[in-house]
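Written out below as structure tokens is the structure these notes cover.
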4 protein chains.
Amino acid sequence: MIIVMRQNATPDEINHLCEKVKEMGLTPQVSRGVERTVIGVIGEEDKIRIKPLEAFPGVESVMEILRPYKLASRDFQAEPTEFEMPHGVKVGGKKIVVMAGPCTVESRESLLNTAAVVKKEGASFLRGGAFKPRTSPYSFQGLGEEGLKYLREAADQYHLCVVTEVMDTRMVEMVAKYADMLQVGARNMQNYDLLKECGISKKPILLKRGMSATIKELLLSAEYILSKGNFKVMVCERGIRTFETATRNTLDINAVPVIKKETHLPVLVDPSHGTGKWEYVTAIARAGVAAGCDGIMVEVHLNPEDAVSDGEQSLIPRQFESMMGQLKAIAHAIGREV
Amino acid sequence: MIIVMRQNATPDEINHLCEKVKEMGLTPQVSRGVERTVIGVIGEEDKIRIKPLEAFPGVESVMEILRPYKLASRDFQAEPTEFEMPHGVKVGGKKIVVMAGPCTVESRESLLNTAAVVKKEGASFLRGGAFKPRTSPYSFQGLGEEGLKYLREAADQYHLCVVTEVMDTRMVEMVAKYADMLQVGARNMQNYDLLKECGISKKPILLKRGMSATIKELLLSAEYILSKGNFKVMVCERGIRTFETATRNTLDINAVPVIKKETHLPVLVDPSHGTGKWEYVTAIARAGVAAGCDGIMVEVHLNPEDAVSDGEQSLIPRQFESMMGQLKAIAHAIGREV
Amino acid sequence: MIIVMRQNATPDEINHLCEKVKEMGLTPQVSRGVERTVIGVIGEEDKIRIKPLEAFPGVESVMEILRPYKLASRDFQAEPTEFEMPHGVKVGGKKIVVMAGPCTVESRESLLNTAAVVKKEGASFLRGGAFKPRTSPYSFQGLGEEGLKYLREAADQYHLCVVTEVMDTRMVEMVAKYADMLQVGARNMQNYDLLKECGISKKPILLKRGMSATIKELLLSAEYILSKGNFKVMVCERGIRTFETATRNTLDINAVPVIKKETHLPVLVDPSHGTGKWEYVTAIARAGVAAGCDGIMVEVHLNPEDAVSDGEQSLIPRQFESMMGQLKAIAHAIGREV
Amino acid sequence: MIIVMRQNATPDEINHLCEKVKEMGLTPQVSRGVERTVIGVIGEEDKIRIKPLEAFPGVESVMEILRPYKLASRDFQAEPTEFEMPHGVKVGGKKIVVMAGPCTVESRESLLNTAAVVKKEGASFLRGGAFKPRTSPYSFQGLGEEGLKYLREAADQYHLCVVTEVMDTRMVEMVAKYADMLQVGARNMQNYDLLKECGISKKPILLKRGMSATIKELLLSAEYILSKGNFKVMVCERGIRTFETATRNTLDINAVPVIKKETHLPVLVDPSHGTGKWEYVTAIARAGVAAGCDGIMVEVHLNPEDAVSDGEQSLIPRQFESMMGQLKAIAHAIGREV
């Protein structure tokens, strides 16, 4: 940690700070520059983070040196995390996983048909929401437990894994009965009680980046789960909020190599939410694979006109098939598989 | 709702859309322009919102005409909402309420002393966190129920109302036993299960705007609470996330007159989180009052050096006293009171 | 154009607006909905754009239907633009062009050596700045005309095209003497006098997206050039400004398919500025090609430690060679060439 | 400057960096922490800024300690800048200046009438555009020199100062013949050649913040003008671009106290562009004064329906009069004048 003093900081103020640093078992190192005095703090940075150093008299600013996440960092584990799912599926390996299905589980029949389609084209996870976070209280909120049952049945029939969202701490246990992977949605990325419950549950977790969360904050949220002893975590780039309105969100493609460098956790790309329009989904899925992601999540619907949500960003089976062919070619070009 | 067709949309595509609109009990009105055909939809717009119109063949874009929130809008209730709290405090009236106290409840003694200070200078609410949403799992997470007891005791002794955050659906009932107003924090603005529980609780609610939430989304989150029959809701502008890093957040001062125009709900301004630095808090509190807000929330700490969180944005008693004097003068200048 | 009236708009206000619309030779079409009256305007939308309709009494909001750019749109020209450069280079065709070279032209010798490297690996343009827009007045501002001479010499020797930035209207003619393509930088994307001069010059133009410009604004700036009769325009996605600080900018990969859909103009991707760090450049160049761009621009430096600018985002020859190999494989996978 | 090394940086890499630092006449100071080695650089930081330190092997990140602007900083000049204009007007003093007038100069007669109104209510500057930066090439681009003549005539008749925009380096001399203060618009904030010409001209300059410029970048642009020996510079907060679409821009009210702390230059607030809607202008002008600005710039039009631009954000005379009354009361409350 580096503490920059104001130009007019007094020797007393500098001494006072150094005393406090020493009281915490750390070592202050004072550098007197031409215009500013700077104090370096040597030792375990965590000890001092709880102190609001900018509140001290004479302090201008404070800069962190170390990453605030530990277990999620490459410093802690250099090798990429790889974990096994049912049906021989591996997350984080050479093969890029594809998660596909409707935004919302709508009916048993349509879900079974969709599962057949996505399995045939090579997906290994069936996605679909049973509990839906909706901006408006007047929008359809999901089928609830009934939807989970349909997911389980369709996945079992087609040898797929189930990934589905959990929104409330009280529901973690119940959703975990049906799902193979629990999804924490973008709006709940900083719902810390939910993260803790997901950590305790020991189920594989898919953690989506919040709409305005930095990569650092995403990894700190992952750290909440890891710190409860659950290391089966995949993080997901699904678009951030910017000033651009031509697309629903701005998919932060830079996040893929940054996350791969910063953490050992596998990273998923969601081009459906990342663009919000079906006509851009395939191009951005290709970009995600080319950038080095470990998985792609797309919305697929048999008849988007009748979708209760997100129809405008869903692929129809023919488009999904075409996308899968392109992803295979690109994965092959960079030495991976889809 | 206005549906804009693509330039090359066929008559069949247009007819197909019109049929669907009629099936929902609404009336399509087709305008053939020079370059585009546009379909206006007349009737209750809510009926059609569930249909993903952009997924229909030939559709280029869809524009909403009506506000998606109903109970929160000035169309529903033209007069500003005013509600009563204990100790004769009114929220939403001529008098601008001031909520003050530490970021986090740290000890019984310091809280009692802080309560004495803020009461003396004219605050009517004591604020303080017992459950804290922290970005890092390694930061102090709050005293829990013990902190709530201290808040209640200090508030009772100094005839103040208690406002404090609730983070988890499972805690709403318990927090409501101690608090006069429940705060939903920025990170939980779209935690819909929590909003529903807050609506059911019937306690006055302080709903903070999410870091990257639009004003429309803020009011839709308020709608979740209102739609459960709880109309005692105050919304809070606390700074949004932008590219500017000179301050912790960018306080969206425009939001004050926009919210006052769009909704009848009272609006609070939080210059502590809105700036993140104590030296800017007073100027921005003045701006909030001048812009027309109904309340100010500020962090006050007896000794910010020792604060366990947010010390860098806390006022000391002397600064709080100075701020209150300035706010009174500005409130008076615009025909209100602090 | 759609005009939405306020809920309490009077018949007089509606009539007044309709009269004004008719005065301009356009046809108003009034739809009276349940909660709002909406006026559609039929005719050439441009005629009415100069009127500030939101200033009329009773008006709540105004929505555009048509794209404000004409010559740049796919409505105007459905086929992609392709244009020829010296040395048989084509921009906008099946082959994806690569532009490479130092951020700043530093010396004749280093430029000649860099040109040799980038030509050998398959680049067709030599890039390099002779006039540099620098945030600080104390940073190196470029070699000026001397730098242009070096660029011309190095390009001629290795059969490359020269692309270089022009910052000032007074310099367009001079830069055009040396360069094959004039670059308008991000900071000047809305320097309209400069755009007009670029249009008049008839040289091929590379127009970079401004840091906070929407795609619509980018295409309107292109329209300035096109409207002067110069159709040899390539637009460039080089990263936008967001809240994320892990990278210098956020490369908006969505912009690639959006621009390809909206306009016939070719699109370039600049992963050097888009990420700001050399270690992410290759991954993002791959993503750009996979997303469908028509060209890649990268900074290459023989010895980044000694670069006078942007060393931290420059590839060294070995990294450039590796990137080119990967781009070729991906281009091949999607039916194109590098 | 602080250089943070990667965790696995070798002693050779550290030595190599220290050697380079010494070669530049600076002193490296190495701190070996538990997880990272950090190198502090002591001496004139400017010397090393031209070196791309992040390109050196083993370097993880580089942090600046000092502000990159010098002449604009409070370190250079502690006292606020105050400068005199014609008609006894002072900028930067106790009295807050008001600049008012139409967005665009439209005709001699309407400008004379507007000048009479704004003078009567207490404005000291007449604003109006003769050269207009318009997003679309098909929008009205201004009356040019004819408009400048009208501005001069109207200002002379009513003893007002003229502030008007200059967009092109070739026009600085001509505009300076008519105007008392030259405005550099938001889109040209980083048009460095224009900034240099404004510095050379020695006319008072109004520098508007770019739509996505940080405060640091704004002050660096001011530094371009100051470094040419022109110290009569006022900077202007006019709203930044964020995700919020309820207003045209997001006025960054925090910028007022931040700028007042960072620089001695006076700061103007423009609530017309900052909100984009006349109904919010007065509230935000009040907020600007309450936050401590040195001037307000507002658009006033006799008949906004007929304005050729920005009618939706222009006040009519009656609204301007009301606003001025409110600003006077608030200025008085904080010990200043309007």
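Ordering of the structure tokens sets the chain letters (A, B, ...); residue numbers start at 1 within each chain; ligands are numbered from 1 in the order shown.
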Taking only C-alpha atoms into account, find every residue of chain A that has an atom no more than 12 Å from chain D, and write it out as a PDB file with N, CA, C and O atoms, in the first residue's frame.
ATOM      1  N   MET A   1       0.850  -1.194   0.000  1.00  0.00           N
ATOM      2  CA  MET A   1       0.000   0.000   0.000  1.00  0.00           C
ATOM      3  C   MET A   1       0.882   1.239   0.000  1.00  0.00           C
ATOM      4  O   MET A   1       1.889   1.287   0.704  1.00  0.00           O
ATOM      5  N   ILE A   2       0.495   2.209  -0.805  1.00  0.00           N
ATOM      6  CA  ILE A   2       1.269   3.441  -0.940  1.00  0.00           C
ATOM      7  C   ILE A   2       0.386   4.598  -0.472  1.00  0.00           C
ATOM      8  O   ILE A   2      -0.738   4.754  -0.956  1.00  0.00           O
ATOM      9  N   ILE A   3       0.903   5.386   0.460  1.00  0.00           N
ATOM     10  CA  ILE A   3       0.140   6.528   0.958  1.00  0.00           C
ATOM     11  C   ILE A   3       0.812   7.803   0.453  1.00  0.00           C
ATOM     12  O   ILE A   3       1.987   8.029   0.730  1.00  0.00           O
ATOM     13  N   VAL A   4       0.077   8.605  -0.313  1.00  0.00           N
ATOM     14  CA  VAL A   4       0.618   9.865  -0.829  1.00  0.00           C
ATOM     15  C   VAL A   4       0.141  10.994   0.075  1.00  0.00           C
ATOM     16  O   VAL A   4      -1.067  11.145   0.302  1.00  0.00           O
ATOM     17  N   MET A   5       1.067  11.770   0.605  1.00  0.00           N
ATOM     18  CA  MET A   5       0.717  12.869   1.507  1.00  0.00           C
ATOM     19  C   MET A   5       0.429  14.141   0.686  1.00  0.00           C
ATOM     20  O   MET A   5       0.915  14.299  -0.433  1.00  0.00           O
ATOM     21  N   ARG A   6      -0.345  15.029   1.242  1.00  0.00           N
ATOM     22  CA  ARG A   6      -0.575  16.337   0.604  1.00  0.00           C
ATOM     23  C   ARG A   6       0.727  17.135   0.579  1.00  0.00           C
ATOM     24  O   ARG A   6       1.623  16.898   1.395  1.00  0.00           O
ATOM     25  N   GLN A   7       0.807  18.095  -0.320  1.00  0.00           N
ATOM     26  CA  GLN A   7       2.027  18.884  -0.441  1.00  0.00           C
ATOM     27  C   GLN A   7       2.398  19.580   0.863  1.00  0.00           C
ATOM     28  O   GLN A   7       3.564  19.686   1.215  1.00  0.00           O
ATOM     29  N   ASN A   8       1.368  20.018   1.587  1.00  0.00           N
ATOM     30  CA  ASN A   8       1.622  20.767   2.818  1.00  0.00           C
ATOM     31  C   ASN A   8       1.506  19.915   4.083  1.00  0.00           C
ATOM     32  O   ASN A   8       1.279  20.443   5.173  1.00  0.00           O
ATOM     33  N   LEU A  26       2.975  -3.457  10.903  1.00  0.00           N
ATOM     34  CA  LEU A  26       3.497  -3.273   9.544  1.00  0.00           C
ATOM     35  C   LEU A  26       4.637  -2.270   9.582  1.00  0.00           C
ATOM     36  O   LEU A  26       4.848  -1.579  10.581  1.00  0.00           O
ATOM     37  N   THR A  27       5.361  -2.179   8.479  1.00  0.00           N
ATOM     38  CA  THR A  27       6.530  -1.304   8.439  1.00  0.00           C
ATOM     39  C   THR A  27       6.312  -0.153   7.460  1.00  0.00           C
ATOM     40  O   THR A  27       6.091  -0.382   6.271  1.00  0.00           O
ATOM     41  N   PRO A  28       6.371   1.071   7.951  1.00  0.00           N
ATOM     42  CA  PRO A  28       6.262   2.217   7.042  1.00  0.00           C
ATOM     43  C   PRO A  28       7.631   2.557   6.462  1.00  0.00           C
ATOM     44  O   PRO A  28       8.650   2.425   7.141  1.00  0.00           O
ATOM     45  N   GLN A  29       7.643   2.938   5.203  1.00  0.00           N
ATOM     46  CA  GLN A  29       8.898   3.352   4.569  1.00  0.00           C
ATOM     47  C   GLN A  29       8.655   4.708   3.916  1.00  0.00           C
ATOM     48  O   GLN A  29       7.858   4.807   2.966  1.00  0.00           O
ATOM     49  N   VAL A  30       9.333   5.727   4.426  1.00  0.00           N
ATOM     50  CA  VAL A  30       9.039   7.097   3.990  1.00  0.00           C
ATOM     51  C   VAL A  30       9.990   7.521   2.875  1.00  0.00           C
ATOM     52  O   VAL A  30      11.206   7.390   3.011  1.00  0.00           O
ATOM     53  N   SER A  31       9.409   8.002   1.766  1.00  0.00           N
ATOM     54  CA  SER A  31      10.229   8.562   0.680  1.00  0.00           C
ATOM     55  C   SER A  31       9.877  10.038   0.546  1.00  0.00           C
ATOM     56  O   SER A  31       8.730  10.375   0.245  1.00  0.00           O
ATOM     57  N   ARG A  32      10.868  10.893   0.701  1.00  0.00           N
ATOM     58  CA  ARG A  32      10.601  12.320   0.554  1.00  0.00           C
ATOM     59  C   ARG A  32      10.976  12.751  -0.859  1.00  0.00           C
ATOM     60  O   ARG A  32      12.144  12.802  -1.203  1.00  0.00           O
ATOM     61  N   GLY A  33       9.979  13.008  -1.691  1.00  0.00           N
ATOM     62  CA  GLY A  33      10.222  13.423  -3.066  1.00  0.00           C
ATOM     63  C   GLY A  33      10.331  14.925  -3.166  1.00  0.00           C
ATOM     64  O   GLY A  33      10.310  15.635  -2.159  1.00  0.00           O
ATOM     65  N   VAL A  34      10.476  15.435  -4.378  1.00  0.00           N
ATOM     66  CA  VAL A  34      10.608  16.873  -4.581  1.00  0.00           C
ATOM     67  C   VAL A  34       9.330  17.586  -4.170  1.00  0.00           C
ATOM     68  O   VAL A  34       9.343  18.613  -3.503  1.00  0.00           O
ATOM     69  N   GLU A  35       8.178  17.036  -4.549  1.00  0.00           N
ATOM     70  CA  GLU A  35       6.927  17.735  -4.283  1.00  0.00           C
ATOM     71  C   GLU A  35       6.024  17.045  -3.273  1.00  0.00           C
ATOM     72  O   GLU A  35       5.126  17.661  -2.725  1.00  0.00           O
ATOM     73  N   ARG A  36       6.232  15.763  -3.074  1.00  0.00           N
ATOM     74  CA  ARG A  36       5.339  15.012  -2.200  1.00  0.00           C
ATOM     75  C   ARG A  36       6.157  14.024  -1.376  1.00  0.00           C
ATOM     76  O   ARG A  36       7.161  13.502  -1.855  1.00  0.00           O
ATOM     77  N   THR A  37       5.673  13.757  -0.160  1.00  0.00           N
ATOM     78  CA  THR A  37       6.197  12.636   0.610  1.00  0.00           C
ATOM     79  C   THR A  37       5.264  11.452   0.415  1.00  0.00           C
ATOM     80  O   THR A  37       4.043  11.609   0.401  1.00  0.00           O
ATOM     81  N   VAL A  38       5.869  10.292   0.244  1.00  0.00           N
ATOM     82  CA  VAL A  38       5.112   9.081  -0.007  1.00  0.00           C
ATOM     83  C   VAL A  38       5.511   8.051   1.044  1.00  0.00           C
ATOM     84  O   VAL A  38       6.690   7.939   1.370  1.00  0.00           O
ATOM     85  N   ILE A  39       4.526   7.348   1.589  1.00  0.00           N
ATOM     86  CA  ILE A  39       4.826   6.326   2.587  1.00  0.00           C
ATOM     87  C   ILE A  39       4.433   4.956   2.044  1.00  0.00           C
ATOM     88  O   ILE A  39       3.271   4.721   1.720  1.00  0.00           O
ATOM     89  N   GLY A  40       5.407   4.074   1.916  1.00  0.00           N
ATOM     90  CA  GLY A  40       5.113   2.703   1.522  1.00  0.00           C
ATOM     91  C   GLY A  40       4.849   1.871   2.763  1.00  0.00           C
ATOM     92  O   GLY A  40       5.487   2.079   3.795  1.00  0.00           O
ATOM     93  N   VAL A  41       3.895   0.955   2.654  1.00  0.00           N
ATOM     94  CA  VAL A  41       3.576   0.110   3.802  1.00  0.00           C
ATOM     95  C   VAL A  41       3.963  -1.313   3.449  1.00  0.00           C
ATOM     96  O   VAL A  41       3.487  -1.863   2.459  1.00  0.00           O
ATOM     97  N   ILE A  42       4.858  -1.883   4.257  1.00  0.00           N
ATOM     98  CA  ILE A  42       5.357  -3.224   3.975  1.00  0.00           C
ATOM     99  C   ILE A  42       4.809  -4.202   4.990  1.00  0.00           C
ATOM    100  O   ILE A  42       4.815  -3.933   6.190  1.00  0.00           O
ATOM    101  N   GLY A  43       4.290  -5.315   4.501  1.00  0.00           N
ATOM    102  CA  GLY A  43       3.690  -6.326   5.367  1.00  0.00           C
ATOM    103  C   GLY A  43       2.404  -6.821   4.744  1.00  0.00           C
ATOM    104  O   GLY A  43       2.179  -6.633   3.563  1.00  0.00           O
ATOM    105  N   GLU A  44       1.563  -7.457   5.543  1.00  0.00           N
ATOM    106  CA  GLU A  44       0.318  -7.994   5.000  1.00  0.00           C
ATOM    107  C   GLU A  44      -0.690  -6.875   4.809  1.00  0.00           C
ATOM    108  O   GLU A  44      -1.242  -6.343   5.769  1.00  0.00           O
ATOM    109  N   GLU A  45      -0.922  -6.563   3.555  1.00  0.00           N
ATOM    110  CA  GLU A  45      -1.740  -5.397   3.245  1.00  0.00           C
ATOM    111  C   GLU A  45      -3.146  -5.485   3.841  1.00  0.00           C
ATOM    112  O   GLU A  45      -3.754  -4.477   4.197  1.00  0.00           O
ATOM    113  N   ASP A  46      -3.664  -6.703   3.960  1.00  0.00           N
ATOM    114  CA  ASP A  46      -5.020  -6.864   4.486  1.00  0.00           C
ATOM    115  C   ASP A  46      -5.203  -6.224   5.853  1.00  0.00           C
ATOM    116  O   ASP A  46      -6.263  -5.720   6.178  1.00  0.00           O
ATOM    117  N   GLU A  60      -3.332  12.603   1.032  1.00  0.00           N
ATOM    118  CA  GLU A  60      -3.999  13.003  -0.208  1.00  0.00           C
ATOM    119  C   GLU A  60      -4.694  11.816  -0.867  1.00  0.00           C
ATOM    120  O   GLU A  60      -5.814  11.912  -1.299  1.00  0.00           O
ATOM    121  N   SER A  61      -3.981  10.696  -0.992  1.00  0.00           N
ATOM    122  CA  SER A  61      -4.620   9.535  -1.606  1.00  0.00           C
ATOM    123  C   SER A  61      -3.885   8.277  -1.177  1.00  0.00           C
ATOM    124  O   SER A  61      -2.768   8.334  -0.662  1.00  0.00           O
ATOM    125  N   VAL A  62      -4.530   7.140  -1.384  1.00  0.00           N
ATOM    126  CA  VAL A  62      -3.968   5.854  -0.998  1.00  0.00           C
ATOM    127  C   VAL A  62      -4.087   4.918  -2.195  1.00  0.00           C
ATOM    128  O   VAL A  62      -5.110   4.892  -2.865  1.00  0.00           O
ATOM    129  N   MET A  63      -3.035   4.197  -2.495  1.00  0.00           N
ATOM    130  CA  MET A  63      -3.063   3.273  -3.628  1.00  0.00           C
ATOM    131  C   MET A  63      -2.774   1.856  -3.146  1.00  0.00           C
ATOM    132  O   MET A  63      -1.795   1.623  -2.442  1.00  0.00           O
ATOM    133  N   GLU A  64      -3.604   0.939  -3.599  1.00  0.00           N
ATOM    134  CA  GLU A  64      -3.365  -0.468  -3.289  1.00  0.00           C
ATOM    135  C   GLU A  64      -2.309  -1.044  -4.225  1.00  0.00           C
ATOM    136  O   GLU A  64      -2.268  -0.716  -5.408  1.00  0.00           O
ATOM    137  N   ILE A  65      -1.495  -1.930  -3.711  1.00  0.00           N
ATOM    138  CA  ILE A  65      -0.506  -2.618  -4.545  1.00  0.00           C
ATOM    139  C   ILE A  65      -0.983  -4.026  -4.880  1.00  0.00           C
ATOM    140  O   ILE A  65      -0.880  -4.487  -6.003  1.00  0.00           O
ATOM    141  N   LEU A  66      -1.518  -4.690  -3.891  1.00  0.00           N
ATOM    142  CA  LEU A  66      -1.878  -6.095  -4.077  1.00  0.00           C
ATOM    143  C   LEU A  66      -3.324  -6.233  -4.512  1.00  0.00           C
ATOM    144  O   LEU A  66      -4.153  -5.363  -4.264  1.00  0.00           O
ATOM    145  N   ARG A  67      -3.619  -7.323  -5.168  1.00  0.00           N
ATOM    146  CA  ARG A  67      -4.986  -7.653  -5.512  1.00  0.00           C
ATOM    147  C   ARG A  67      -5.737  -7.965  -4.233  1.00  0.00           C
ATOM    148  O   ARG A  67      -5.228  -8.692  -3.366  1.00  0.00           O
ATOM    149  N   LYS A  70      -7.718 -13.234  -3.119  1.00  0.00           N
ATOM    150  CA  LYS A  70      -6.583 -14.126  -2.874  1.00  0.00           C
ATOM    151  C   LYS A  70      -6.802 -15.473  -3.558  1.00  0.00           C
ATOM    152  O   LYS A  70      -6.063 -15.874  -4.443  1.00  0.00           O
ATOM    153  N   SER A  73      -7.012 -15.680  -7.295  1.00  0.00           N
ATOM    154  CA  SER A  73      -5.925 -15.123  -8.108  1.00  0.00           C
ATOM    155  C   SER A  73      -4.982 -16.192  -8.647  1.00  0.00           C
ATOM    156  O   SER A  73      -4.868 -17.295  -8.088  1.00  0.00           O
ATOM    157  N   ARG A  74      -4.312 -15.855  -9.704  1.00  0.00           N
ATOM    158  CA  ARG A  74      -3.271 -16.729 -10.271  1.00  0.00           C
ATOM    159  C   ARG A  74      -2.072 -16.832  -9.335  1.00  0.00           C
ATOM    160  O   ARG A  74      -1.287 -17.770  -9.430  1.00  0.00           O
ATOM    161  N   ASP A  75      -1.908 -15.839  -8.437  1.00  0.00           N
ATOM    162  CA  ASP A  75      -0.835 -15.935  -7.454  1.00  0.00           C
ATOM    163  C   ASP A  75      -1.084 -17.144  -6.547  1.00  0.00           C
ATOM    164  O   ASP A  75      -0.161 -17.844  -6.136  1.00  0.00           O
ATOM    165  N   PHE A  76      -2.361 -17.370  -6.241  1.00  0.00           N
ATOM    166  CA  PHE A  76      -2.710 -18.471  -5.338  1.00  0.00           C
ATOM    167  C   PHE A  76      -2.651 -19.814  -6.064  1.00  0.00           C
ATOM    168  O   PHE A  76      -2.174 -20.805  -5.530  1.00  0.00           O
ATOM    169  N   ALA A  78      -1.659 -21.195  -9.945  1.00  0.00           N
ATOM    170  CA  ALA A  78      -1.212 -20.815 -11.289  1.00  0.00           C
ATOM    171  C   ALA A  78      -1.948 -21.588 -12.384  1.00  0.00           C
ATOM    172  O   ALA A  78      -2.204 -21.066 -13.462  1.00  0.00           O
ATOM    173  N   MET A 211     -23.938  -5.704 -14.195  1.00  0.00           N
ATOM    174  CA  MET A 211     -23.975  -4.782 -15.328  1.00  0.00           C
ATOM    175  C   MET A 211     -22.955  -3.666 -15.236  1.00  0.00           C
ATOM    176  O   MET A 211     -22.528  -3.137 -16.245  1.00  0.00           O
ATOM    177  N   SER A 212     -22.620  -3.285 -14.005  1.00  0.00           N
ATOM    178  CA  SER A 212     -21.621  -2.220 -13.897  1.00  0.00           C
ATOM    179  C   SER A 212     -20.516  -2.627 -12.932  1.00  0.00           C
ATOM    180  O   SER A 212     -19.905  -1.791 -12.286  1.00  0.00           O
ATOM    181  N   ILE A 240     -21.703  -5.289 -20.309  1.00  0.00           N
ATOM    182  CA  ILE A 240     -21.768  -4.254 -19.276  1.00  0.00           C
ATOM    183  C   ILE A 240     -22.593  -3.091 -19.798  1.00  0.00           C
ATOM    184  O   ILE A 240     -22.908  -3.005 -20.979  1.00  0.00           O
ATOM    185  N   ARG A 241     -22.932  -2.208 -18.888  1.00  0.00           N
ATOM    186  CA  ARG A 241     -23.767  -1.066 -19.258  1.00  0.00           C
ATOM    187  C   ARG A 241     -22.877   0.110 -19.634  1.00  0.00           C
ATOM    188  O   ARG A 241     -22.025   0.530 -18.857  1.00  0.00           O
ATOM    189  N   THR A 242     -23.084   0.637 -20.823  1.00  0.00           N
ATOM    190  CA  THR A 242     -22.332   1.798 -21.275  1.00  0.00           C
ATOM    191  C   THR A 242     -23.320   2.783 -21.885  1.00  0.00           C
ATOM    192  O   THR A 242     -24.531   2.586 -21.824  1.00  0.00           O
ATOM    193  N   PHE A 243     -22.792   3.811 -22.508  1.00  0.00           N
ATOM    194  CA  PHE A 243     -23.658   4.822 -23.143  1.00  0.00           C
ATOM    195  C   PHE A 243     -24.238   4.337 -24.471  1.00  0.00           C
ATOM    196  O   PHE A 243     -25.158   4.938 -25.008  1.00  0.00           O
ATOM    197  N   GLU A 244     -23.692   3.273 -25.040  1.00  0.00           N
ATOM    198  CA  GLU A 244     -24.128   2.824 -26.370  1.00  0.00           C
ATOM    199  C   GLU A 244     -25.504   2.164 -26.279  1.00  0.00           C
ATOM    200  O   GLU A 244     -25.701   1.257 -25.469  1.00  0.00           O
ATOM    201  N   THR A 245     -26.423   2.591 -27.118  1.00  0.00           N
ATOM    202  CA  THR A 245     -27.778   2.044 -27.058  1.00  0.00           C
ATOM    203  C   THR A 245     -28.128   1.186 -28.277  1.00  0.00           C
ATOM    204  O   THR A 245     -29.235   0.676 -28.370  1.00  0.00           O
ATOM    205  N   ARG A 248     -28.210  -4.053 -26.444  1.00  0.00           N
ATOM    206  CA  ARG A 248     -28.773  -4.054 -25.080  1.00  0.00           C
ATOM    207  C   ARG A 248     -27.690  -3.808 -24.035  1.00  0.00           C
ATOM    208  O   ARG A 248     -27.887  -3.095 -23.063  1.00  0.00           O
ATOM    209  N   ASN A 249     -26.548  -4.455 -24.223  1.00  0.00           N
ATOM    210  CA  ASN A 249     -25.384  -4.250 -23.370  1.00  0.00           C
ATOM    211  C   ASN A 249     -24.161  -4.167 -24.276  1.00  0.00           C
ATOM    212  O   ASN A 249     -24.260  -4.411 -25.480  1.00  0.00           O
ATOM    213  N   THR A 250     -23.016  -3.820 -23.693  1.00  0.00           N
ATOM    214  CA  THR A 250     -21.765  -3.836 -24.450  1.00  0.00           C
ATOM    215  C   THR A 250     -20.963  -5.028 -23.957  1.00  0.00           C
ATOM    216  O   THR A 250     -20.481  -5.022 -22.814  1.00  0.00           O
ATOM    217  N   GLU A 262      -5.889 -12.972 -14.782  1.00  0.00           N
ATOM    218  CA  GLU A 262      -6.001 -12.652 -13.357  1.00  0.00           C
ATOM    219  C   GLU A 262      -6.376 -13.847 -12.491  1.00  0.00           C
ATOM    220  O   GLU A 262      -5.992 -13.917 -11.338  1.00  0.00           O
TER     221      GLU A 262
END
(message) Using DSSP secondary structure from the backbone, list all helix (DSSP H, G or I) positions within range 204-314 of chain A, as a PyMOL selection string.
(response) chain A and resi 215-226+255-262+271-275+278-291+304-306+311-313
(message) Give me, as a list in words, all polymer residues having an atom no more than 10 Å from Ala72 in chain B, counting only C-alpha atoms and skipping those fewer than 4 positions away in the same chain.
(response)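 Counting only the stated atoms, we get Arg67, Pro68, Phe76, Gln77, Leu219, Leu220, Ser221, Ala222, Glu223, Tyr224, Ile225, Leu226, Ser227, Phe231, Val233, Glu262, Thr263, His264 and Leu265 of chain B.
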(request) Using backbone DSSP assignments, extract all strand (DSSP E) residues from range 86-251 of chain D; output them as a ChimeraX atom specification. (result) /D:90-91,97-101,125-127,161-165,181-184,205-208,233-237
(request) Give me the residues within 10 Å of Lys328 in chain B as JSON, numbers by chain, counting only C-alpha atoms and dropping any in the same chain fewer than 5 places off. (result) {"B": [96, 122, 286, 289, 323, 333, 336, 337, 338], "D": [333]}
